[in-house]
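Peer 1: You'll find my_file-v7.cif just under this line, and it carries mmCIF, C-alpha atoms; chains and numbers go by the auth columns.
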data_entry
loop_
_atom_site.group_PDB
_atom_site.id
_atom_site.type_symbol
_atom_site.label_atom_id
_atom_site.label_comp_id
_atom_site.label_asym_id
_atom_site.label_seq_id
_atom_site.Cartn_x
_atom_site.Cartn_y
_atom_site.Cartn_z
_atom_site.B_iso_or_equiv
_atom_site.auth_seq_id
_atom_site.auth_asym_id
ATOM 1 C CA MET A 1 18.610 26.805 24.812 0.00 1 H
ATOM 2 C CA ARG A 2 18.463 29.832 22.528 0.00 2 H
ATOM 3 C CA ILE A 3 14.998 31.406 22.752 0.00 3 H
ATOM 4 C CA LEU A 4 13.624 33.822 20.154 0.00 4 H
ATOM 5 C CA VAL A 5 11.379 36.285 22.007 0.00 5 H
ATOM 6 C CA LEU A 6 8.819 38.258 19.982 0.00 6 H
ATOM 7 C CA SER A 7 5.963 40.573 20.843 0.00 7 H
ATOM 8 C CA ASP A 8 3.409 42.777 19.121 0.00 8 H
ATOM 9 C CA VAL A 9 3.601 41.502 15.545 0.00 9 H
ATOM 10 C CA HIS A 10 0.333 43.322 14.757 0.00 10 H
ATOM 11 C CA ALA A 11 -0.278 41.564 11.440 0.00 11 H
ATOM 12 C CA ASN A 12 2.904 42.957 9.872 0.00 12 H
ATOM 13 C CA LEU A 13 4.117 40.038 7.780 0.00 13 H
ATOM 14 C CA GLU A 14 7.135 41.797 6.265 0.00 14 H
ATOM 15 C CA ALA A 15 8.469 42.685 9.712 0.00 15 H
ATOM 16 C CA LEU A 16 7.874 39.161 11.012 0.00 16 H
ATOM 17 C CA GLU A 17 9.631 37.568 8.058 0.00 17 H
ATOM 18 C CA ALA A 18 12.600 39.925 8.465 0.00 18 H
ATOM 19 C CA VAL A 19 12.959 38.996 12.130 0.00 19 H
ATOM 20 C CA LEU A 20 12.797 35.258 11.414 0.00 20 H
ATOM 21 C CA ALA A 21 15.422 35.610 8.685 0.00 21 H
ATOM 22 C CA ASP A 22 17.709 37.666 10.931 0.00 22 H
ATOM 23 C CA ALA A 23 17.431 35.555 14.075 0.00 23 H
ATOM 24 C CA GLY A 24 19.445 32.603 12.844 0.00 24 H
ATOM 25 C CA THR A 25 18.976 29.271 14.597 0.00 25 H
ATOM 26 C CA TRP A 26 16.926 29.047 17.772 0.00 26 H
ATOM 27 C CA ASP A 27 15.510 26.285 19.928 0.00 27 H
ATOM 28 C CA ALA A 28 12.125 27.794 20.819 0.00 28 H
ATOM 29 C CA LEU A 29 10.012 30.841 20.041 0.00 29 H
ATOM 30 C CA TRP A 30 8.100 32.633 22.801 0.00 30 H
ATOM 31 C CA PHE A 31 5.463 35.151 21.699 0.00 31 H
ATOM 32 C CA LEU A 32 4.184 37.767 24.154 0.00 32 H
ATOM 33 C CA GLY A 33 0.898 38.761 22.522 0.00 33 H
ATOM 34 C CA ASP A 34 -0.856 40.964 19.944 0.00 34 H
ATOM 35 C CA LEU A 35 -0.736 38.969 16.750 0.00 35 H
ATOM 36 C CA VAL A 36 -3.391 41.139 15.130 0.00 36 H
ATOM 37 C CA GLY A 37 -4.441 44.769 14.880 0.00 37 H
ATOM 38 C CA TYR A 38 -2.984 47.694 12.875 0.00 38 H
ATOM 39 C CA GLY A 39 -1.490 45.562 10.093 0.00 39 H
ATOM 40 C CA PRO A 40 -2.739 44.054 6.802 0.00 40 H
ATOM 41 C CA ASP A 41 -1.773 40.358 7.108 0.00 41 H
ATOM 42 C CA PRO A 42 -3.477 38.828 10.153 0.00 42 H
ATOM 43 C CA VAL A 43 -4.140 35.412 8.580 0.00 43 H
ATOM 44 C CA GLU A 44 -0.536 34.863 7.498 0.00 44 H
ATOM 45 C CA CYS A 45 0.924 36.107 10.786 0.00 45 H
ATOM 46 C CA ILE A 46 -1.346 33.920 12.902 0.00 46 H
ATOM 47 C CA ASP A 47 -0.490 30.883 10.796 0.00 47 H
ATOM 48 C CA CYS A 48 3.222 31.591 11.189 0.00 48 H
ATOM 49 C CA ILE A 49 3.201 32.038 14.964 0.00 49 H
ATOM 50 C CA GLN A 50 0.855 29.108 15.496 0.00 50 H
ATOM 51 C CA ARG A 51 3.259 26.906 13.552 0.00 51 H
ATOM 52 C CA LEU A 52 6.481 28.115 15.177 0.00 52 H
ATOM 53 C CA ALA A 53 5.771 29.247 18.729 0.00 53 H
ATOM 54 C CA ALA A 54 6.367 26.958 21.697 0.00 54 H
ATOM 55 C CA VAL A 55 4.227 29.344 23.731 0.00 55 H
ATOM 56 C CA ALA A 56 2.089 32.305 22.683 0.00 56 H
ATOM 57 C CA LEU A 57 0.050 34.715 24.766 0.00 57 H
ATOM 58 C CA ALA A 58 -3.041 36.783 24.086 0.00 58 H
ATOM 59 C CA GLY A 59 -2.771 40.550 23.829 0.00 59 H
ATOM 60 C CA ASN A 60 -5.385 43.277 24.070 0.00 60 H
ATOM 61 C CA HIS A 61 -5.816 43.487 20.277 0.00 61 H
ATOM 62 C CA ASP A 62 -6.262 39.728 20.095 0.00 62 H
ATOM 63 C CA TRP A 63 -8.981 40.030 22.721 0.00 63 H
ATOM 64 C CA GLY A 64 -10.504 42.950 20.829 0.00 64 H
ATOM 65 C CA VAL A 65 -10.934 40.970 17.627 0.00 65 H
ATOM 66 C CA LEU A 66 -12.496 38.137 19.654 0.00 66 H
ATOM 67 C CA GLY A 67 -14.997 40.409 21.385 0.00 67 H
ATOM 68 C CA GLN A 68 -13.423 39.622 24.762 0.00 68 H
ATOM 69 C CA VAL A 69 -13.253 43.369 25.302 0.00 69 H
ATOM 70 C CA PRO A 70 -15.484 45.969 23.621 0.00 70 H
ATOM 71 C CA LEU A 71 -14.018 47.673 20.572 0.00 71 H
ATOM 72 C CA SER A 72 -15.096 50.991 22.066 0.00 72 H
ATOM 73 C CA VAL A 73 -12.024 50.919 24.321 0.00 73 H
ATOM 74 C CA PHE A 74 -9.738 51.254 21.261 0.00 74 H
ATOM 75 C CA ASN A 75 -9.063 54.486 19.404 0.00 75 H
ATOM 76 C CA PRO A 76 -11.024 54.939 16.136 0.00 76 H
ATOM 77 C CA ALA A 77 -8.130 53.967 13.860 0.00 77 H
ATOM 78 C CA ALA A 78 -7.333 50.789 15.787 0.00 78 H
ATOM 79 C CA ARG A 79 -11.032 49.957 16.035 0.00 79 H
ATOM 80 C CA LYS A 80 -11.495 50.199 12.266 0.00 80 H
ATOM 81 C CA VAL A 81 -8.684 47.726 11.602 0.00 81 H
ATOM 82 C CA LEU A 82 -9.922 45.331 14.282 0.00 82 H
ATOM 83 C CA GLU A 83 -13.391 45.367 12.709 0.00 83 H
ATOM 84 C CA TRP A 84 -11.804 44.579 9.330 0.00 84 H
ATOM 85 C CA THR A 85 -9.609 41.877 10.894 0.00 85 H
ATOM 86 C CA ARG A 86 -12.579 40.160 12.496 0.00 86 H
ATOM 87 C CA GLY A 87 -14.051 39.642 9.043 0.00 87 H
ATOM 88 C CA GLN A 88 -10.836 38.146 7.654 0.00 88 H
ATOM 89 C CA LEU A 89 -10.144 35.384 10.139 0.00 89 H
ATOM 90 C CA PRO A 90 -11.414 31.845 9.554 0.00 90 H
ATOM 91 C CA SER A 91 -12.937 30.012 12.490 0.00 91 H
ATOM 92 C CA ARG A 92 -9.784 27.938 13.063 0.00 92 H
ATOM 93 C CA GLN A 93 -7.783 31.097 13.697 0.00 93 H
ATOM 94 C CA LEU A 94 -10.409 32.598 15.965 0.00 94 H
ATOM 95 C CA GLU A 95 -10.313 29.362 17.939 0.00 95 H
ATOM 96 C CA TYR A 96 -6.529 29.592 18.150 0.00 96 H
ATOM 97 C CA LEU A 97 -6.652 33.163 19.439 0.00 97 H
ATOM 98 C CA MET A 98 -9.307 32.140 21.953 0.00 98 H
ATOM 99 C CA SER A 99 -7.031 29.391 23.251 0.00 99 H
ATOM 100 C CA LEU A 100 -4.118 31.710 24.056 0.00 100 H
ATOM 101 C CA PRO A 101 -3.407 32.249 27.769 0.00 101 H
ATOM 102 C CA VAL A 102 -2.819 35.690 29.269 0.00 102 H
ATOM 103 C CA GLN A 103 0.151 34.555 31.362 0.00 103 H
ATOM 104 C CA ALA A 104 2.576 31.639 31.273 0.00 104 H
ATOM 105 C CA GLU A 105 5.738 30.314 32.858 0.00 105 H
ATOM 106 C CA GLN A 106 8.500 28.769 30.769 0.00 106 H
ATOM 107 C CA GLU A 107 11.852 27.506 32.068 0.00 107 H
ATOM 108 C CA GLY A 108 11.357 29.399 35.332 0.00 108 H
ATOM 109 C CA ILE A 109 10.541 32.687 33.567 0.00 109 H
ATOM 110 C CA THR A 110 7.205 34.508 33.754 0.00 110 H
ATOM 111 C CA LEU A 111 5.600 35.706 30.506 0.00 111 H
ATOM 112 C CA VAL A 112 2.840 38.310 30.191 0.00 112 H
ATOM 113 C CA HIS A 113 1.646 40.717 27.538 0.00 113 H
ATOM 114 C CA GLY A 114 0.988 43.780 29.675 0.00 114 H
ATOM 115 C CA SER A 115 1.937 43.293 33.309 0.00 115 H
ATOM 116 C CA LEU A 116 1.712 40.962 36.292 0.00 116 H
ATOM 117 C CA ARG A 117 -1.093 43.070 37.781 0.00 117 H
ATOM 118 C CA ALA A 118 -3.143 43.251 34.589 0.00 118 H
ATOM 119 C CA PRO A 119 -1.770 40.837 31.959 0.00 119 H
ATOM 120 C CA ILE A 120 -3.801 42.235 29.072 0.00 120 H
ATOM 121 C CA TRP A 121 -4.075 45.956 29.740 0.00 121 H
ATOM 122 C CA GLU A 122 -1.508 47.577 32.016 0.00 122 H
ATOM 123 C CA TYR A 123 1.419 49.382 30.398 0.00 123 H
ATOM 124 C CA ILE A 124 4.790 49.225 32.160 0.00 124 H
ATOM 125 C CA LEU A 125 6.146 52.596 31.089 0.00 125 H
ATOM 126 C CA ASP A 126 7.866 53.949 34.191 0.00 126 H
ATOM 127 C CA PRO A 127 10.046 52.773 37.082 0.00 127 H
ATOM 128 C CA TYR A 128 7.202 52.967 39.625 0.00 128 H
ATOM 129 C CA THR A 129 4.980 50.590 37.640 0.00 129 H
ATOM 130 C CA ALA A 130 7.959 48.355 36.892 0.00 130 H
ATOM 131 C CA TRP A 131 8.844 48.142 40.601 0.00 131 H
ATOM 132 C CA GLU A 132 5.299 47.220 41.606 0.00 132 H
ATOM 133 C CA ASN A 133 5.300 44.442 39.029 0.00 133 H
ATOM 134 C CA ILE A 134 8.753 43.167 39.975 0.00 134 H
ATOM 135 C CA GLU A 135 7.450 42.872 43.542 0.00 135 H
ATOM 136 C CA ARG A 136 4.767 40.519 42.179 0.00 136 H
ATOM 137 C CA LEU A 137 7.084 38.382 40.058 0.00 137 H
ATOM 138 C CA PRO A 138 6.752 34.706 41.012 0.00 138 H
ATOM 139 C CA THR A 139 10.062 34.075 39.229 0.00 139 H
ATOM 140 C CA ARG A 140 13.308 36.037 39.095 0.00 140 H
ATOM 141 C CA ILE A 141 12.808 37.092 35.470 0.00 141 H
ATOM 142 C CA GLY A 142 9.683 38.366 33.724 0.00 142 H
ATOM 143 C CA LEU A 143 9.076 39.136 30.055 0.00 143 H
ATOM 144 C CA PHE A 144 6.434 41.571 28.814 0.00 144 H
ATOM 145 C CA GLY A 145 5.365 43.478 25.698 0.00 145 H
ATOM 146 C CA HIS A 146 2.445 45.844 24.997 0.00 146 H
ATOM 147 C CA THR A 147 4.387 49.144 25.154 0.00 147 H
ATOM 148 C CA HIS A 148 6.154 48.629 21.804 0.00 148 H
ATOM 149 C CA VAL A 149 9.354 49.929 23.431 0.00 149 H
ATOM 150 C CA ALA A 150 12.392 47.739 24.060 0.00 150 H
ATOM 151 C CA ILE A 151 13.667 48.158 27.630 0.00 151 H
ATOM 152 C CA ALA A 152 15.085 46.305 30.629 0.00 152 H
ATOM 153 C CA TYR A 153 14.383 46.959 34.321 0.00 153 H
ATOM 154 C CA HIS A 154 16.808 45.439 36.826 0.00 154 H
ATOM 155 C CA VAL A 155 16.400 45.307 40.605 0.00 155 H
ATOM 156 C CA PRO A 156 19.493 43.920 42.375 0.00 156 H
ATOM 157 C CA ASP A 157 17.620 43.343 45.646 0.00 157 H
ATOM 158 C CA ARG A 158 13.858 43.487 46.177 0.00 158 H
ATOM 159 C CA GLU A 159 14.455 44.564 49.801 0.00 159 H
ATOM 160 C CA THR A 160 16.195 47.776 48.675 0.00 160 H
ATOM 161 C CA LEU A 161 14.544 50.535 46.631 0.00 161 H
ATOM 162 C CA ARG A 162 17.075 50.581 43.829 0.00 162 H
ATOM 163 C CA MET A 163 16.475 49.987 40.124 0.00 163 H
ATOM 164 C CA HIS A 164 18.595 50.114 36.979 0.00 164 H
ATOM 165 C CA ILE A 165 16.877 50.991 33.703 0.00 165 H
ATOM 166 C CA LEU A 166 18.734 49.820 30.617 0.00 166 H
ATOM 167 C CA GLU A 167 18.131 51.427 27.253 0.00 167 H
ATOM 168 C CA PRO A 168 18.773 48.670 24.713 0.00 168 H
ATOM 169 C CA PRO A 169 22.479 48.032 24.066 0.00 169 H
ATOM 170 C CA TYR A 170 21.771 46.327 20.746 0.00 170 H
ATOM 171 C CA ASP A 171 23.715 43.171 19.873 0.00 171 H
ATOM 172 C CA GLU A 172 25.418 43.114 23.296 0.00 172 H
ATOM 173 C CA PRO A 173 24.430 40.342 25.728 0.00 173 H
ATOM 174 C CA ILE A 174 23.043 41.444 29.104 0.00 174 H
ATOM 175 C CA ASP A 175 23.946 39.188 32.021 0.00 175 H
ATOM 176 C CA LEU A 176 20.787 38.049 33.841 0.00 176 H
ATOM 177 C CA LYS A 177 22.420 35.873 36.492 0.00 177 H
ATOM 178 C CA THR A 178 21.729 38.153 39.458 0.00 178 H
ATOM 179 C CA GLY A 179 18.773 40.188 40.688 0.00 179 H
ATOM 180 C CA TRP A 180 15.259 40.499 39.328 0.00 180 H
ATOM 181 C CA TRP A 181 14.467 41.522 35.760 0.00 181 H
ATOM 182 C CA LEU A 182 11.572 42.772 33.653 0.00 182 H
ATOM 183 C CA LEU A 183 12.463 42.612 29.956 0.00 183 H
ATOM 184 C CA ASN A 184 10.569 43.911 26.926 0.00 184 H
ATOM 185 C CA PRO A 185 11.862 42.892 23.458 0.00 185 H
ATOM 186 C CA GLY A 186 10.008 45.751 21.739 0.00 186 H
ATOM 187 C CA SER A 187 7.551 45.373 18.886 0.00 187 H
ATOM 188 C CA VAL A 188 8.078 43.360 15.729 0.00 188 H
ATOM 189 C CA GLY A 189 5.440 45.136 13.669 0.00 189 H
ATOM 190 C CA GLN A 190 4.722 48.481 15.372 0.00 190 H
ATOM 191 C CA PRO A 191 7.838 50.006 17.020 0.00 191 H
ATOM 192 C CA ARG A 192 7.161 53.201 18.959 0.00 192 H
ATOM 193 C CA ASP A 193 10.588 54.280 20.136 0.00 193 H
ATOM 194 C CA GLY A 194 11.548 56.397 17.134 0.00 194 H
ATOM 195 C CA ASP A 195 13.277 53.479 15.397 0.00 195 H
ATOM 196 C CA PRO A 196 11.156 51.973 12.595 0.00 196 H
ATOM 197 C CA ARG A 197 13.119 48.715 12.424 0.00 197 H
ATOM 198 C CA ALA A 198 11.508 45.531 13.698 0.00 198 H
ATOM 199 C CA ALA A 199 12.516 44.682 17.267 0.00 199 H
ATOM 200 C CA TYR A 200 13.056 41.327 18.955 0.00 200 H
ATOM 201 C CA ALA A 201 15.342 39.649 21.489 0.00 201 H
ATOM 202 C CA ILE A 202 17.351 36.481 22.019 0.00 202 H
ATOM 203 C CA LEU A 203 17.305 34.829 25.442 0.00 203 H
ATOM 204 C CA ASN A 204 20.141 32.364 26.028 0.00 204 H
ATOM 205 C CA LEU A 205 19.096 30.071 28.858 0.00 205 H
ATOM 206 C CA GLU A 206 22.464 28.338 29.103 0.00 206 H
ATOM 207 C CA ALA A 207 24.502 31.539 29.442 0.00 207 H
ATOM 208 C CA MET A 208 21.565 33.392 31.080 0.00 208 H
ATOM 209 C CA THR A 209 21.890 36.400 28.795 0.00 209 H
ATOM 210 C CA TRP A 210 19.449 38.611 26.923 0.00 210 H
ATOM 211 C CA MET A 211 20.246 40.369 23.649 0.00 211 H
ATOM 212 C CA PHE A 212 18.173 43.124 22.050 0.00 212 H
ATOM 213 C CA ARG A 213 18.089 43.062 18.246 0.00 213 H
ATOM 214 C CA ARG A 214 16.757 45.344 15.478 0.00 214 H
ATOM 215 C CA VAL A 215 16.381 44.549 11.799 0.00 215 H
ATOM 216 C CA PRO A 216 15.126 46.661 8.856 0.00 216 H
ATOM 217 C CA TYR A 217 12.198 45.430 6.801 0.00 217 H
ATOM 218 C CA PRO A 218 10.435 46.671 3.623 0.00 218 H
ATOM 219 C CA ILE A 219 8.134 49.180 5.319 0.00 219 H
ATOM 220 C CA ALA A 220 6.903 50.561 1.997 0.00 220 H
ATOM 221 C CA LYS A 221 5.570 47.126 1.038 0.00 221 H
ATOM 222 C CA THR A 222 3.504 46.910 4.228 0.00 222 H
ATOM 223 C CA GLN A 223 2.285 50.473 3.747 0.00 223 H
ATOM 224 C CA ALA A 224 1.218 49.765 0.159 0.00 224 H
ATOM 225 C CA LYS A 225 -0.963 46.891 1.370 0.00 225 H
ATOM 226 C CA MET A 226 -2.513 49.132 4.014 0.00 226 H
ATOM 227 C CA ARG A 227 -3.287 51.841 1.452 0.00 227 H
ATOM 228 C CA ARG A 228 -4.985 49.323 -0.845 0.00 228 H
ATOM 229 C CA LEU A 229 -7.159 48.279 2.087 0.00 229 H
ATOM 230 C CA GLU A 230 -7.902 51.945 2.880 0.00 230 H
ATOM 231 C CA PHE A 231 -6.556 51.737 6.406 0.00 231 H
ATOM 232 C CA PRO A 232 -6.369 55.038 8.338 0.00 232 H
ATOM 233 C CA SER A 233 -3.478 57.144 7.041 0.00 233 H
ATOM 234 C CA PHE A 234 -2.231 57.727 10.582 0.00 234 H
ATOM 235 C CA LEU A 235 -1.524 54.016 10.995 0.00 235 H
ATOM 236 C CA ILE A 236 0.242 53.870 7.635 0.00 236 H
ATOM 237 C CA GLU A 237 2.533 56.843 8.121 0.00 237 H
ATOM 238 C CA ARG A 238 3.592 56.064 11.675 0.00 238 H
ATOM 239 C CA LEU A 239 5.464 52.972 10.450 0.00 239 H
ATOM 240 C CA THR A 240 7.926 55.235 8.654 0.00 240 H
ATOM 241 C CA TYR A 241 8.962 56.931 11.874 0.00 241 H
ATOM 242 C CA GLY A 242 8.567 54.147 14.424 0.00 242 H
ATOM 243 C CA GLU A 243 6.126 56.196 16.466 0.00 243 H
#
What do you get writing this file as structure tokens?
Peer 2:
Amino acid sequence: MRILVLSDVHANLEALEAVLADAGTWDALWFLGDLVGYGPDPVECIDCIQRLAAVALAGNHDWGVLGQVPLSVFNPAARKVLEWTRGQLPSRQLEYLMSLPVQAEQEGITLVHGSLRAPIWEYILDPYTAWENIERLPTRIGLFGHTHVAIAYHVPDRETLRMHILEPPYDEPIDLKTGWWLLNPGSVGQPRDGDPRAAYAILNLEAMTWMFRRVPYPIAKTQAKMRRLEFPSFLIERLTYGE
């Protein structure tokens, strides 16, 4: 099976459409959370993922728009867009977001948005946090999002304190057959690694490989929508730089 793995769309329809066009044929789509927040097209993005995804998780911004967590925990710019988003979503989409789990297992692989310890909130940004979460993995491979940074953590043996951290070798398959892995495909709609292109990954379950991918999208079109909606300028400009 060829699995299309996406995370952190954040209501960026142009980025999502670019990824789907670039990905080619796939057998299933797994989505790791944060459909909404930051971007101008929450309705269209929710409809798309609901239609296509075999499994989709809730992220912290999805919970924010639902009132599952107080908006006060978000920064002012993010909070403003979540307040706007809440007013845009029909009840059927709110019900869909409410139905999303915070953790899942597919084909012997664990899926979370943030981490194993705190599926909605914790950021895996360093080897120490990655190690503590790999220790908790109920399966050999775990997928996560939330950080908006594509990365792979590999532990050959959980009994030995040794970890490999792989910066994305784009378009080159990574062999997952041995050891324990935590894999982040990066963000479709809000990259924060200095590369503004939309990020995603392909998981090949037959070959047991993972491939990081990046694809350009019409950023200016998304930004024009955000300006018309009077979104905070900080959120608009950061798309240009992938920060």
Peer 1: So that I can check the surroundings of Asp22 (chain H), please list as number ranges by chain every protein, DNA and RNA residue that reaches within 10 Å of it, counting only C-alpha atoms and ignoring chain neighbours fewer than 6 positions away.
Peer 2: H: 16, 200, 213-216
Peer 1: Can you spell out as a list of chain:residue names the set of residues that the PyMOL selection byres ((chain H and resi 28) around 10) selects in the structure I just provided?
Peer 2: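 Listing what the PyMOL selection byres ((chain H and resi 28) around 10) selects in the shown file: H:Met1, H:Arg2, H:Ile3, H:Leu4, H:Val5, H:Thr25, H:Trp26, H:Asp27, H:Leu29, H:Trp30, H:Phe31, H:Leu52, H:Ala53, H:Ala54, H:Val55, H:Leu203.
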Peer 1: For Tyr123 (chain H), which of H:Thr240, H:Gln68, H:Gln106, H:Thr147 is the closest residue, counting only C-alpha atoms?
Peer 2: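 Among the listed residues, H:Thr147 lies closest to Tyr123 (chain H).
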Peer 1: Please write the residues picked by the PyMOL selection byres ((chain H and resi 42) around 9) on this file as a list in words.
Peer 2: His10, Ala11, Asn12, Leu13, Leu35, Val36, Gly37, Gly39, Pro40, Asp41, Val43, Glu44, Cys45, Ile46, Asp47, Thr85, Gln88 and Leu89 of chain H
Peer 1: List the spatial neighbours of Glu167 (chain H) as a list of chain:residue names - criterion: any atom at most 8 Å away, only C-alpha atoms, same-chain residues fewer than 4 positions off excluded.
Peer 2: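 Using only C-alpha atoms, the neighbours found are H:Ala150, H:Ile151, H:Ala152.
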Peer 1: With C-alpha atoms retained, could you export that selection as an mmCIF file, in the frame of the given file?
Peer 2:
data_model
loop_
_atom_site.group_PDB
_atom_site.id
_atom_site.type_symbol
_atom_site.label_atom_id
_atom_site.label_comp_id
_atom_site.auth_asym_id
_atom_site.auth_seq_id
_atom_site.Cartn_x
_atom_site.Cartn_y
_atom_site.Cartn_z
ATOM 1 C CA ALA H 150 12.392 47.739 24.060
ATOM 2 C CA ILE H 151 13.667 48.158 27.630
ATOM 3 C CA ALA H 152 15.085 46.305 30.629
#
Peer 1: So how many Å separate CA of Asp195 (chain H) and CA of Leu57 (chain H), to one decimal?
Peer 2: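 So the two atoms, CA of Asp195 (chain H) and CA of Leu57 (chain H), lie 24.8 Å apart.
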Peer 1: What do you get, as a PDB file with C-alpha atoms, in the frame of the given file, if you spell out every residue that the PyMOL selection byres ((chain H and resi 235) around 10) selects here?
Peer 2:
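Result saved to result-v7.pdb:
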ATOM      1  CA  TYR H  38      -2.984  47.694  12.875  1.00  0.00           C
ATOM      2  CA  GLY H  39      -1.490  45.562  10.093  1.00  0.00           C
ATOM      3  CA  ALA H  77      -8.130  53.967  13.860  1.00  0.00           C
ATOM      4  CA  ALA H  78      -7.333  50.789  15.787  1.00  0.00           C
ATOM      5  CA  VAL H  81      -8.684  47.726  11.602  1.00  0.00           C
ATOM      6  CA  GLN H 190       4.722  48.481  15.372  1.00  0.00           C
ATOM      7  CA  GLN H 223       2.285  50.473   3.747  1.00  0.00           C
ATOM      8  CA  MET H 226      -2.513  49.132   4.014  1.00  0.00           C
ATOM      9  CA  ARG H 227      -3.287  51.841   1.452  1.00  0.00           C
ATOM     10  CA  PHE H 231      -6.556  51.737   6.406  1.00  0.00           C
ATOM     11  CA  PRO H 232      -6.369  55.038   8.338  1.00  0.00           C
ATOM     12  CA  SER H 233      -3.478  57.144   7.041  1.00  0.00           C
ATOM     13  CA  PHE H 234      -2.231  57.727  10.582  1.00  0.00           C
ATOM     14  CA  ILE H 236       0.242  53.870   7.635  1.00  0.00           C
ATOM     15  CA  GLU H 237       2.533  56.843   8.121  1.00  0.00           C
ATOM     16  CA  ARG H 238       3.592  56.064  11.675  1.00  0.00           C
ATOM     17  CA  LEU H 239       5.464  52.972  10.450  1.00  0.00           C
ATOM     18  CA  THR H 240       7.926  55.235   8.654  1.00  0.00           C
ATOM     19  CA  GLU H 243       6.126  56.196  16.466  1.00  0.00           C
TER      20      GLU H 243
END
Peer 1: Select, from H:Leu166, H:Leu20, H:Leu97, H:Ala15, the residue with the minimum atom-to-atom distance to Lys221 (chain H), counting all atoms listed in the file.
Peer 2: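 Closest to Lys221 (chain H), using all atoms listed in the file: H:Ala15.
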Peer 1: I'd like the box whose edges run along x, y and z of the file and which contains every listed atom of region 195-204 of chain H, padded by 5 Å per side; could you state its centre and edge lengths in Å, one decimal, as AutoDock Vina command-line options?
Peer 2:
--center_x 15.6 --center_y 42.9 --center_z 19.2 --size_x 19.0 --size_y 31.1 --size_z 23.6
Peer 1: H:Arg117, H:Val188, H:Arg136, H:Phe74: which is nearest Gly33 (chain H), counting all atoms listed in the file?
Peer 2: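 When distances to Gly33 (chain H) are compared using all atoms listed in the file, the smallest one comes from H:Val188.
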Peer 1: In Å to one decimal, how far is CA of Pro173 (chain H) from CA of Glu122 (chain H)?
Peer 2: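 CA of Pro173 (chain H) lies at a distance of 27.7 Å from CA of Glu122 (chain H).
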Peer 1: So that I can check the surroundings of region 128-132 of chain H, please list as a list in words every protein, DNA and RNA residue that reaches within 10 Å of it, counting all atoms listed in the file and ignoring chain neighbours fewer than 5 positions away.
Peer 2: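 Near region 128-132 of chain H, the qualifying residues are Ser115, Leu116, Arg117, Glu122, Tyr123, Leu137, Ala152, Tyr153, His154, Val155, Arg158, Leu161, Arg162, Met163, Ile165, Trp181 and Leu182 of chain H.
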Peer 1: Could you state the separation of CA of Pro127 (chain H) and CA of Gln103 (chain H) in Å, given to one decimal place?
Peer 2: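 We find that CA of Pro127 (chain H) and CA of Gln103 (chain H) lie 21.5 Å from each other.
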Peer 1: Would you mind telling me which residue in H:Tyr241, H:Tyr217, H:Phe212, H:Trp180 lies nearest to Asn133 (chain H) when using all atoms listed in the file?
Peer 2: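 Among the listed residues, the smallest separation from Asn133 (chain H) belongs to H:Trp180.
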Peer 1: Taking all atoms listed in the file into account, which of H:Glu206, H:Glu17, H:Glu105, H:Glu95 comes nearest Phe144 (chain H)?
Peer 2: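 Looking at the shortest contact to Phe144 (chain H), the residue is H:Glu105.
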